file query22.cif (mmCIF, N, CA and C atoms)
data_model
#
loop_
_atom_site.label_atom_id
_atom_site.label_comp_id
_atom_site.auth_asym_id
_atom_site.auth_seq_id
_atom_site.Cartn_x
_atom_site.Cartn_y
_atom_site.Cartn_z
N MET A 1 19.95 0.83 -15.53
CA MET A 1 19.77 -0.26 -14.60
C MET A 1 20.68 -0.02 -13.40
N SER A 2 20.12 -0.27 -12.20
CA SER A 2 20.90 0.00 -11.00
C SER A 2 22.04 -1.02 -10.85
N ARG A 3 23.03 -0.62 -10.11
CA ARG A 3 24.20 -1.50 -9.89
C ARG A 3 23.78 -2.78 -9.15
N GLN A 4 22.88 -2.64 -8.17
CA GLN A 4 22.43 -3.81 -7.42
C GLN A 4 21.72 -4.81 -8.32
N LEU A 5 20.90 -4.30 -9.24
CA LEU A 5 20.17 -5.18 -10.14
C LEU A 5 21.12 -5.86 -11.11
N GLN A 6 22.15 -5.14 -11.58
CA GLN A 6 23.14 -5.73 -12.48
C GLN A 6 23.87 -6.88 -11.81
N ILE A 7 24.08 -6.77 -10.51
CA ILE A 7 24.75 -7.84 -9.77
C ILE A 7 23.79 -8.99 -9.51
N ALA A 8 22.54 -8.70 -9.19
CA ALA A 8 21.58 -9.72 -8.79
C ALA A 8 21.07 -10.56 -9.96
N LEU A 9 20.87 -9.96 -11.12
CA LEU A 9 20.28 -10.69 -12.24
C LEU A 9 21.09 -11.91 -12.68
N PRO A 10 22.41 -11.80 -12.86
CA PRO A 10 23.15 -13.01 -13.26
C PRO A 10 23.04 -14.13 -12.24
N VAL A 11 22.96 -13.80 -10.96
CA VAL A 11 22.83 -14.82 -9.93
C VAL A 11 21.52 -15.56 -10.10
N PHE A 12 20.42 -14.83 -10.37
CA PHE A 12 19.12 -15.47 -10.55
C PHE A 12 19.08 -16.28 -11.85
N ILE A 13 19.72 -15.78 -12.88
CA ILE A 13 19.73 -16.51 -14.15
C ILE A 13 20.54 -17.80 -13.99
N ALA A 14 21.71 -17.71 -13.36
CA ALA A 14 22.56 -18.88 -13.19
C ALA A 14 21.92 -19.88 -12.23
N ALA A 15 21.27 -19.39 -11.19
CA ALA A 15 20.67 -20.28 -10.20
C ALA A 15 19.29 -20.76 -10.64
N GLY A 16 18.81 -20.29 -11.79
CA GLY A 16 17.48 -20.64 -12.26
C GLY A 16 17.32 -22.10 -12.60
N GLN A 17 18.39 -22.82 -12.77
CA GLN A 17 18.33 -24.26 -13.06
C GLN A 17 17.89 -24.98 -11.78
N GLY A 18 16.77 -25.68 -11.84
CA GLY A 18 16.31 -26.43 -10.68
C GLY A 18 15.49 -25.63 -9.70
N LEU A 19 15.09 -24.42 -10.05
CA LEU A 19 14.25 -23.60 -9.18
C LEU A 19 12.90 -23.38 -9.84
N VAL A 20 11.89 -23.14 -9.03
CA VAL A 20 10.60 -22.78 -9.59
C VAL A 20 10.70 -21.37 -10.16
N PRO A 21 9.88 -21.02 -11.15
CA PRO A 21 9.93 -19.66 -11.70
C PRO A 21 9.56 -18.61 -10.65
N LEU A 22 10.04 -17.42 -10.86
CA LEU A 22 9.69 -16.32 -9.96
C LEU A 22 8.20 -16.04 -10.05
N SER A 23 7.55 -15.89 -8.89
CA SER A 23 6.14 -15.50 -8.88
C SER A 23 6.06 -13.99 -9.07
N SER A 24 4.88 -13.51 -9.38
CA SER A 24 4.72 -12.06 -9.55
C SER A 24 4.98 -11.35 -8.23
N ARG A 25 4.58 -11.96 -7.11
CA ARG A 25 4.84 -11.37 -5.79
C ARG A 25 6.34 -11.27 -5.50
N GLU A 26 7.07 -12.34 -5.81
CA GLU A 26 8.51 -12.34 -5.57
C GLU A 26 9.21 -11.33 -6.47
N LEU A 27 8.78 -11.24 -7.72
CA LEU A 27 9.37 -10.27 -8.64
C LEU A 27 9.12 -8.85 -8.14
N LEU A 28 7.90 -8.57 -7.67
CA LEU A 28 7.59 -7.25 -7.14
C LEU A 28 8.43 -6.95 -5.90
N ARG A 29 8.60 -7.94 -5.03
CA ARG A 29 9.42 -7.74 -3.83
C ARG A 29 10.86 -7.41 -4.21
N LEU A 30 11.39 -8.11 -5.21
CA LEU A 30 12.76 -7.85 -5.66
C LEU A 30 12.88 -6.46 -6.28
N LEU A 31 11.91 -6.08 -7.09
CA LEU A 31 11.95 -4.74 -7.69
C LEU A 31 11.92 -3.66 -6.62
N ARG A 32 11.05 -3.86 -5.63
CA ARG A 32 10.98 -2.87 -4.54
C ARG A 32 12.29 -2.79 -3.78
N ALA A 33 12.90 -3.91 -3.55
CA ALA A 33 14.13 -3.94 -2.76
C ALA A 33 15.33 -3.43 -3.54
N LEU A 34 15.37 -3.68 -4.86
CA LEU A 34 16.59 -3.40 -5.62
C LEU A 34 16.51 -2.16 -6.51
N VAL A 35 15.33 -1.79 -6.98
CA VAL A 35 15.24 -0.74 -7.99
C VAL A 35 14.47 0.48 -7.51
N LEU A 36 13.29 0.26 -6.96
CA LEU A 36 12.41 1.38 -6.62
C LEU A 36 12.94 2.13 -5.40
N PRO A 37 12.76 3.44 -5.37
CA PRO A 37 13.22 4.21 -4.20
C PRO A 37 12.34 3.89 -2.99
N PRO A 38 12.89 4.03 -1.79
CA PRO A 38 12.09 3.77 -0.59
C PRO A 38 10.96 4.79 -0.46
N PRO A 39 9.88 4.44 0.21
CA PRO A 39 8.75 5.38 0.37
C PRO A 39 9.14 6.54 1.27
N ARG A 40 8.39 7.65 1.09
CA ARG A 40 8.62 8.82 1.95
C ARG A 40 8.16 8.50 3.36
N ARG A 41 8.96 8.87 4.29
CA ARG A 41 8.60 8.62 5.68
C ARG A 41 8.89 9.85 6.55
N ASP A 42 8.92 11.03 5.94
CA ASP A 42 9.20 12.20 6.75
C ASP A 42 7.98 12.56 7.61
N ARG A 43 8.21 13.34 8.62
CA ARG A 43 7.19 13.66 9.63
C ARG A 43 5.97 14.33 9.01
N GLU A 44 6.18 15.28 8.12
CA GLU A 44 5.07 16.02 7.50
C GLU A 44 4.16 15.07 6.71
N HIS A 45 4.75 14.17 5.96
CA HIS A 45 3.96 13.23 5.17
C HIS A 45 3.18 12.28 6.07
N LEU A 46 3.80 11.77 7.13
CA LEU A 46 3.11 10.86 8.04
C LEU A 46 1.91 11.53 8.70
N LEU A 47 2.08 12.79 9.10
CA LEU A 47 0.96 13.51 9.72
C LEU A 47 -0.15 13.78 8.71
N TRP A 48 0.22 14.14 7.49
CA TRP A 48 -0.78 14.37 6.44
C TRP A 48 -1.56 13.08 6.18
N TRP A 49 -0.86 11.95 6.03
CA TRP A 49 -1.51 10.67 5.75
C TRP A 49 -2.45 10.27 6.88
N SER A 50 -2.01 10.45 8.12
CA SER A 50 -2.84 10.11 9.27
C SER A 50 -4.12 10.94 9.28
N THR A 51 -4.00 12.24 9.02
CA THR A 51 -5.17 13.12 8.98
C THR A 51 -6.11 12.73 7.86
N TRP A 52 -5.58 12.47 6.69
CA TRP A 52 -6.41 12.09 5.54
C TRP A 52 -7.15 10.77 5.82
N ARG A 53 -6.45 9.80 6.35
CA ARG A 53 -7.05 8.49 6.63
C ARG A 53 -8.15 8.60 7.68
N ARG A 54 -7.91 9.36 8.74
CA ARG A 54 -8.91 9.50 9.79
C ARG A 54 -10.13 10.27 9.31
N ARG A 55 -9.91 11.26 8.41
CA ARG A 55 -11.04 12.00 7.84
C ARG A 55 -11.92 11.08 7.00
N CYS A 56 -11.28 10.24 6.18
CA CYS A 56 -12.04 9.29 5.35
C CYS A 56 -12.77 8.27 6.20
N GLN A 57 -12.14 7.81 7.27
CA GLN A 57 -12.80 6.85 8.17
C GLN A 57 -14.00 7.49 8.84
N HIS A 58 -13.88 8.75 9.22
CA HIS A 58 -14.99 9.47 9.85
C HIS A 58 -16.16 9.58 8.87
N HIS A 59 -15.87 9.94 7.64
CA HIS A 59 -16.91 10.06 6.62
C HIS A 59 -17.59 8.71 6.39
N ALA A 60 -16.81 7.64 6.31
CA ALA A 60 -17.38 6.30 6.11
C ALA A 60 -18.26 5.91 7.29
N ARG A 61 -17.84 6.23 8.51
CA ARG A 61 -18.64 5.91 9.69
C ARG A 61 -19.97 6.65 9.66
N LEU A 62 -19.95 7.94 9.30
CA LEU A 62 -21.20 8.71 9.22
C LEU A 62 -22.14 8.12 8.18
N CYS A 63 -21.62 7.76 7.01
CA CYS A 63 -22.45 7.17 5.97
C CYS A 63 -23.04 5.85 6.43
N HIS A 64 -22.24 5.05 7.11
CA HIS A 64 -22.70 3.76 7.62
C HIS A 64 -23.82 3.96 8.63
N GLN A 65 -23.64 4.90 9.55
CA GLN A 65 -24.66 5.15 10.57
C GLN A 65 -25.94 5.69 9.94
N ARG A 66 -25.81 6.61 8.97
CA ARG A 66 -26.99 7.14 8.28
C ARG A 66 -27.75 6.03 7.56
N TRP A 67 -27.01 5.16 6.89
CA TRP A 67 -27.66 4.08 6.16
C TRP A 67 -28.44 3.16 7.11
N HIS A 68 -27.82 2.79 8.21
CA HIS A 68 -28.50 1.90 9.15
C HIS A 68 -29.68 2.59 9.83
N ALA A 69 -29.56 3.88 10.10
CA ALA A 69 -30.70 4.61 10.68
C ALA A 69 -31.85 4.63 9.68
N TYR A 70 -31.57 4.79 8.42
CA TYR A 70 -32.60 4.82 7.38
C TYR A 70 -33.23 3.43 7.20
N VAL A 71 -32.43 2.40 7.15
CA VAL A 71 -32.94 1.04 6.94
C VAL A 71 -33.85 0.61 8.07
N TYR A 72 -33.49 0.93 9.31
CA TYR A 72 -34.27 0.47 10.45
C TYR A 72 -35.53 1.29 10.67
N THR A 73 -35.67 2.47 10.03
CA THR A 73 -36.86 3.29 10.24
C THR A 73 -37.86 3.19 9.08
N THR A 74 -37.47 2.59 7.97
CA THR A 74 -38.40 2.47 6.83
C THR A 74 -39.06 1.09 6.87
N PRO A 75 -40.33 1.05 6.47
CA PRO A 75 -41.05 -0.24 6.50
C PRO A 75 -40.60 -1.20 5.42
#

call {"tool": "encode", "arguments": {"input": "query22.cif", "output": "structure tokens"}}
result
Amino acid sequence: MSRQLQIALPVFIAAGQGLVPLSSRELLRLLRALVLPPPRRDREHLLWWSTWRRRCQHHARLCHQRWHAYVYTTP
């Protein structure tokens, strides 16, 4: 268990009196902030992700255009 989580948990347990229970979203946010490592943000990864995303968007656009061309030409 990380040091930050060891410090944070007793505070949440002690302050839990009179508070609403943690939602799944709030629990996930806390885990991301306190336990999970930050996402990769190096230049190579950003460029790879941008290329991959744009390639997939291009493919989706072509499929969309083909589908509409087919629908409008068939009786």

call {"tool": "axis_aligned_box", "arguments": {"input": "query22.cif", "around": "range 26-41 of chain A", "padding_each_side": "5 Å", "output": "JSON"}}
result
{"center_x": 11.8, "center_y": -1.2, "center_z": -1.0, "size_x": 19.5, "size_y": 32.2, "size_z": 25.2}

call {"tool": "atom_distance", "arguments": {"input": "query22.cif", "atom1": "CA of Arg55 in chain A", "atom2": "atom N of Arg40 in chain A"}}
result
21.0 Å

call {"tool": "atom_distance", "arguments": {"input": "query22.cif", "atom1": "atom N of Arg32 in chain A", "atom2": "atom C of Val20 in chain A"}}
result
18.1 Å
